[in-house]
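Colleague: So that we are looking at the same thing, I have put the structure below in structure tokens.
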Amino acid sequence: MVDGTIFLTLKRGITLTNKIFTLICLIFLIAVPVFSQEDEPADDDYAGIAAFTRGEQLFSLNAGAIFPLFTLAPFHEDDEPLVGTLSSTHTGVSGSLKLGFFVRDNLMLGGELAGMYAATDNSSLTMIPITFVTQYYFLKYPFEFPIYINVGVSMNSFDDYFRITPLIKPGAGAYYNINGEWALGLNFDYWFMPELYFNTYKNETRIANFLQISLSGVYHF
Amino acid sequence: MKLYRYFLLIIIIISFYGCGTEEGGLFYSLEQETEITNGNLSNEITIGAIERNADYYFVAAGNFYYREAASGSAWPENEDDVVQSYNPDDSSESLSDYDLYLTYDMILVDDLIYAVYYSTDGTDFQVFSLDTAGFDGSEAWSGPLNFDLLDPEEYVVELEVCEDKIFFLTATSATSYNIKIADVAGFDKTTAFFTLQTGLYASGGLRVDYDSVSDTFWIVMGNNIFTTDGESTFTDITDDAMAAEDCVVGGEIEYLSGEGFKGVVCAETDDDEAGTEVYITSKEGVMLKYIGGEWTTISNQYTEEDDEDDPEYGLFESLHNIVHIEIASEGIDVLLAGSDEGYYEMSLDDNSFDSPEEEDTDLTTENQFSIIDMSDSIITSFYLDTEPEDPVVFGLGLNAGLWINSMVEDEDGDYRDWDVE
């Protein structure tokens with residue numbers, strides 16, 4: 001019995017890991033040609049910049065907290081509420097890596113690999129979004145005010161459940177340039193994740209909503 | 001912009017891809033999740049038996065545990081308190097002389113607990129008793145008890161109380177077991193035993209239930225099924241059971257393990273002519289049913305996720321004891337069969353089995369059950385306590401603690417769910 005349990009656990013874990021790995025490879029295969037289109041980086045020190053110009057790139061590290069907000073039930077029955085709570089989910093931690101390049105002045109395209117973890121009353125929730133990001137900067141040196149929208153998928157795991165859902169993640173930030181290359185700042189991201197069913201589980205369709213607040217370190221190059 | 005199109009296409013395709021062992025909505029389940037109460041009893045211990053007197057629950061789980069029966073009462077937090085709870089007086093024949101002894105088996109007879117303690121090396125078995133009348137945790141154990149009518153080399157391995165009889169599984173060696181019986185009325189260590197059978201081979205696992213219609217006790221132990229009137233007859237009916245027409249679906253009962261049959265329950269039917277239904281569970285995931293002189297096999301009907309119109313039939317997960325749970329005030333009348341993956345809940349009306357991990361049942365909600373550890377744990381038996389206004393059911397875990405099923409009242413209405421002690 002013990003051996004069987006271990007085998008099943010390993011089998012389940014290996015299967016899940018393989019699927020995640022395959023998906024990550026797929027996304028990066030798509031993303032690599034995008035990043036390969038970059039021009040030579042601009043040869044200046046970025047100090048006093050009035051605009052990010054085509055060919056410049058950035059890499060950012062983000063870490064923060066994520067707050068469960070609520071769910072929406074678009075196919076709810078008459079006796080069921082449209083808005084549900086995520087009260088069993090505790091405030092979690094989140095982080096991400098973002099790589100982008102400017103395709104025109106102050107307009108950046110890129111990709112982001114993120115992750116979050118939150119304990120729930122009896123288990124835990126883990127989500128790993130992989131998204132394509134479009135970001136626009138408003139600049140008033142030494143401050144940057146990016147607004148952005150991420151579109152992609154999120155691999156979500158909760159106890160024995162594993163689902164891949166679409167993810168739309170609009171957000172905004174405020175950064176301070178501490179020198180010509182580095183900026184530090186704060187981000188607010190809204191996670192909007194529809195989990196859609198059109199079969200027997202139609203009434204279990206939910207659109208989950210989370211708010212992420214994170215600190216960022218941004219490197220321009 | 002072609003890249004965007006490809007990317008969006010990929011997103012759309014894989015967004016409808018999901019896996020995992022659970023069906024249905026992840027966020028829906030997250031939304032439905034409610035916190036289970038986790039008491040201060042270890043969730044890793046093996047629960048061998050549970051009994052209650054007027055005011056306390058008693059648990060044999062290696063150590064001997066107790067708590068007040070009032071809802072929400074805590075188990076002794078200090079492990080020393082738990083150990084002390086079975087530490088007897090300082091007499092030379094005290095249990096303290098056997099401090100390496102463990103107990104997973106006990107019965108409660110007229111406020112007296114009889115518990116079988118055995119040495120960790122399995123070479124010695126002793127029975128101790130504890131008077132729970134007016135129990136406050138300070139009582140001392142008595143023993144080891146020397147039952148007068150046991151042979152000098154004979155020792156008690158297991159105890160079962162059923163109806164008005166006490167059943168003893170005794171042994172004279174590791175390969176020779178006897179079943180003996182005594183009346184509950186007036187039982188003490190000088191009570192005369194009636195020997196039902198000697199020279200049996202089994203590795204333990206004595207289970208007994210009583211059919212009041214035919215005044216028959218049903219016994220399963222190891223690879224055998226017996227019936228007895230508790231006085232003069234003792235019949236091995238294993239071969240009759242195994243000759244059931246469709247025995248066995250999807251496999252064969254494994255005799256070599258010596259642990260073939262794990263539980264028996266008798267449930268009266270509404271049909272006077274049919275008499276009592278008897279259900280027997282096996283380690284191999286087979287369930288046998290006896291009614292009106294006929295044996296049949298109950299299959300585990302299940303449906304593959306992608307083939308809803310084509311049910312499959314096969315074995316259950318490895319089964320353990322089966323218990324009749326009847327809570328008249330709530331209209332609950334089901335059988336619970338412990339398994340290696342939680343338990344099954346079976347309707348007595350049509351013998352349909354529900355796996356609480358797949359749908360709401362009388363005793364739990366699918367969303368709650370599927371995410372608690374009980375659903376992945378070995379549940380060996382159940383205990384129904386009808387004393388409270390809302391009766392509670394205990395699930396006995398193997399290295400999985402003690403689970404308690406009770407009524408929940410919230411904005412969603414009244415329903416039952418499991419918590420862990």
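Ligands are numbered from 1 in the order shown, chains are lettered A, B, ... in the order of the structure tokens, and residues start at 1 in each chain.
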Excluding stretch 205-208 of chain A and its own-chain neighbours fewer than 6 positions away, which residues fall within 9 Å of it when counting only C-alpha atoms? Please give them as a PyMOL selection string.
Modeller: (chain A and resi 68-76+84+86+191-198) or (chain B and resi 24-28)
Colleague: Please dump the current selection as a compact mmCIF listing (two decimals), in the first residue's frame; keep N, CA, C and O atoms.
Modeller:
```
# COMPACT_ATOMS: atom_id res chain seq x y z
N PRO A 68 -6.53 37.72 -2.75
CA PRO A 68 -7.73 37.18 -3.41
C PRO A 68 -8.89 38.15 -3.24
O PRO A 68 -9.11 38.66 -2.13
N LEU A 69 -9.61 38.42 -4.31
CA LEU A 69 -10.71 39.38 -4.23
C LEU A 69 -12.07 38.70 -4.24
O LEU A 69 -12.74 38.61 -3.23
N PHE A 70 -12.46 38.19 -5.39
CA PHE A 70 -13.80 37.60 -5.50
C PHE A 70 -13.87 36.78 -6.77
O PHE A 70 -12.95 36.80 -7.60
N THR A 71 -14.96 36.07 -6.93
CA THR A 71 -15.22 35.34 -8.18
C THR A 71 -16.52 35.82 -8.77
O THR A 71 -17.41 36.31 -8.05
N LEU A 72 -16.63 35.67 -10.07
CA LEU A 72 -17.88 35.94 -10.76
C LEU A 72 -18.39 34.64 -11.36
O LEU A 72 -17.60 33.84 -11.87
N ALA A 73 -19.70 34.44 -11.29
CA ALA A 73 -20.30 33.22 -11.83
C ALA A 73 -21.26 33.61 -12.95
O ALA A 73 -22.44 33.86 -12.71
N PRO A 74 -20.75 33.68 -14.19
CA PRO A 74 -21.60 34.17 -15.28
C PRO A 74 -22.78 33.27 -15.61
O PRO A 74 -23.78 33.73 -16.13
N PHE A 75 -22.66 31.99 -15.30
CA PHE A 75 -23.75 31.06 -15.62
C PHE A 75 -24.49 30.62 -14.35
O PHE A 75 -24.97 29.50 -14.27
N HIS A 76 -24.54 31.50 -13.39
CA HIS A 76 -25.14 31.11 -12.11
C HIS A 76 -26.64 30.89 -12.23
O HIS A 76 -27.31 31.48 -13.08
N GLY A 84 -19.05 35.66 -5.88
CA GLY A 84 -18.68 34.76 -4.79
C GLY A 84 -17.43 35.25 -4.10
O GLY A 84 -16.72 36.13 -4.60
N LEU A 86 -13.67 34.54 -2.10
CA LEU A 86 -12.52 33.64 -2.01
C LEU A 86 -11.99 33.70 -0.59
O LEU A 86 -10.79 33.81 -0.34
N TRP A 191 -5.38 40.60 -11.56
CA TRP A 191 -5.43 39.30 -12.24
C TRP A 191 -6.89 38.96 -12.53
O TRP A 191 -7.69 38.86 -11.60
N PHE A 192 -7.16 38.73 -13.78
CA PHE A 192 -8.53 38.43 -14.21
C PHE A 192 -8.47 37.11 -14.95
O PHE A 192 -7.91 37.01 -16.04
N MET A 193 -9.03 36.05 -14.34
CA MET A 193 -8.85 34.71 -14.88
C MET A 193 -10.17 33.98 -15.07
O MET A 193 -10.77 33.48 -14.11
N PRO A 194 -10.67 33.92 -16.29
CA PRO A 194 -11.88 33.14 -16.55
C PRO A 194 -11.56 31.65 -16.62
O PRO A 194 -10.62 31.25 -17.31
N GLU A 195 -12.33 30.86 -15.90
CA GLU A 195 -12.23 29.40 -16.00
C GLU A 195 -13.58 28.94 -16.55
O GLU A 195 -14.57 28.90 -15.83
N LEU A 196 -13.56 28.64 -17.83
CA LEU A 196 -14.83 28.47 -18.55
C LEU A 196 -15.17 27.01 -18.75
O LEU A 196 -14.30 26.19 -19.07
N TYR A 197 -16.44 26.70 -18.58
CA TYR A 197 -16.96 25.36 -18.88
C TYR A 197 -18.25 25.51 -19.68
O TYR A 197 -19.06 26.38 -19.39
N PHE A 198 -18.39 24.63 -20.66
CA PHE A 198 -19.62 24.66 -21.45
C PHE A 198 -20.29 23.29 -21.45
O PHE A 198 -21.14 23.02 -22.27
N GLY B 24 -14.34 19.18 -12.64
CA GLY B 24 -15.06 20.37 -12.23
C GLY B 24 -14.15 21.56 -12.04
O GLY B 24 -12.97 21.52 -12.31
N GLY B 25 -14.77 22.63 -11.55
CA GLY B 25 -14.08 23.91 -11.50
C GLY B 25 -13.13 24.06 -10.33
O GLY B 25 -13.49 23.81 -9.19
N LEU B 26 -11.92 24.49 -10.66
CA LEU B 26 -10.94 24.74 -9.60
C LEU B 26 -11.35 25.95 -8.77
O LEU B 26 -11.40 25.88 -7.54
N PHE B 27 -11.67 27.04 -9.44
CA PHE B 27 -12.04 28.25 -8.68
C PHE B 27 -13.38 28.06 -7.98
O PHE B 27 -13.61 28.63 -6.91
N TYR B 28 -14.24 27.25 -8.59
CA TYR B 28 -15.50 26.94 -7.92
C TYR B 28 -15.23 26.21 -6.60
O TYR B 28 -15.81 26.53 -5.57
```
Colleague: As a ChimeraX atom specification, please: every residue in stretch 31-200 of chain B that a backbone DSSP assignment puts in strand (DSSP E or B).
Modeller: /B:38,49-52,56-68,101-109,112-119,125-131,142,155-162,165-173,176-183,194-200
Colleague: Tell me as a PyMOL selection string which residues belonging to chain A come within 9 Å of chain B, counting only C-alpha atoms.
Modeller: chain A and resi 1+12+16+27+30-31+33-34+70-71+73+84-89+120-123+125+132+151-154+156-166+195-197+200-208
Colleague: So what do you get for atom CA of B:Asp412 versus atom CA of B:Asn367, distance-wise?
Modeller: 13.4 Å
Colleague: Could you give me the residues within stretch 33-266 of chain B that DSSP places in alpha helix (DSSP H), as number ranges by chain?
Modeller: B: 79-84, 238-242
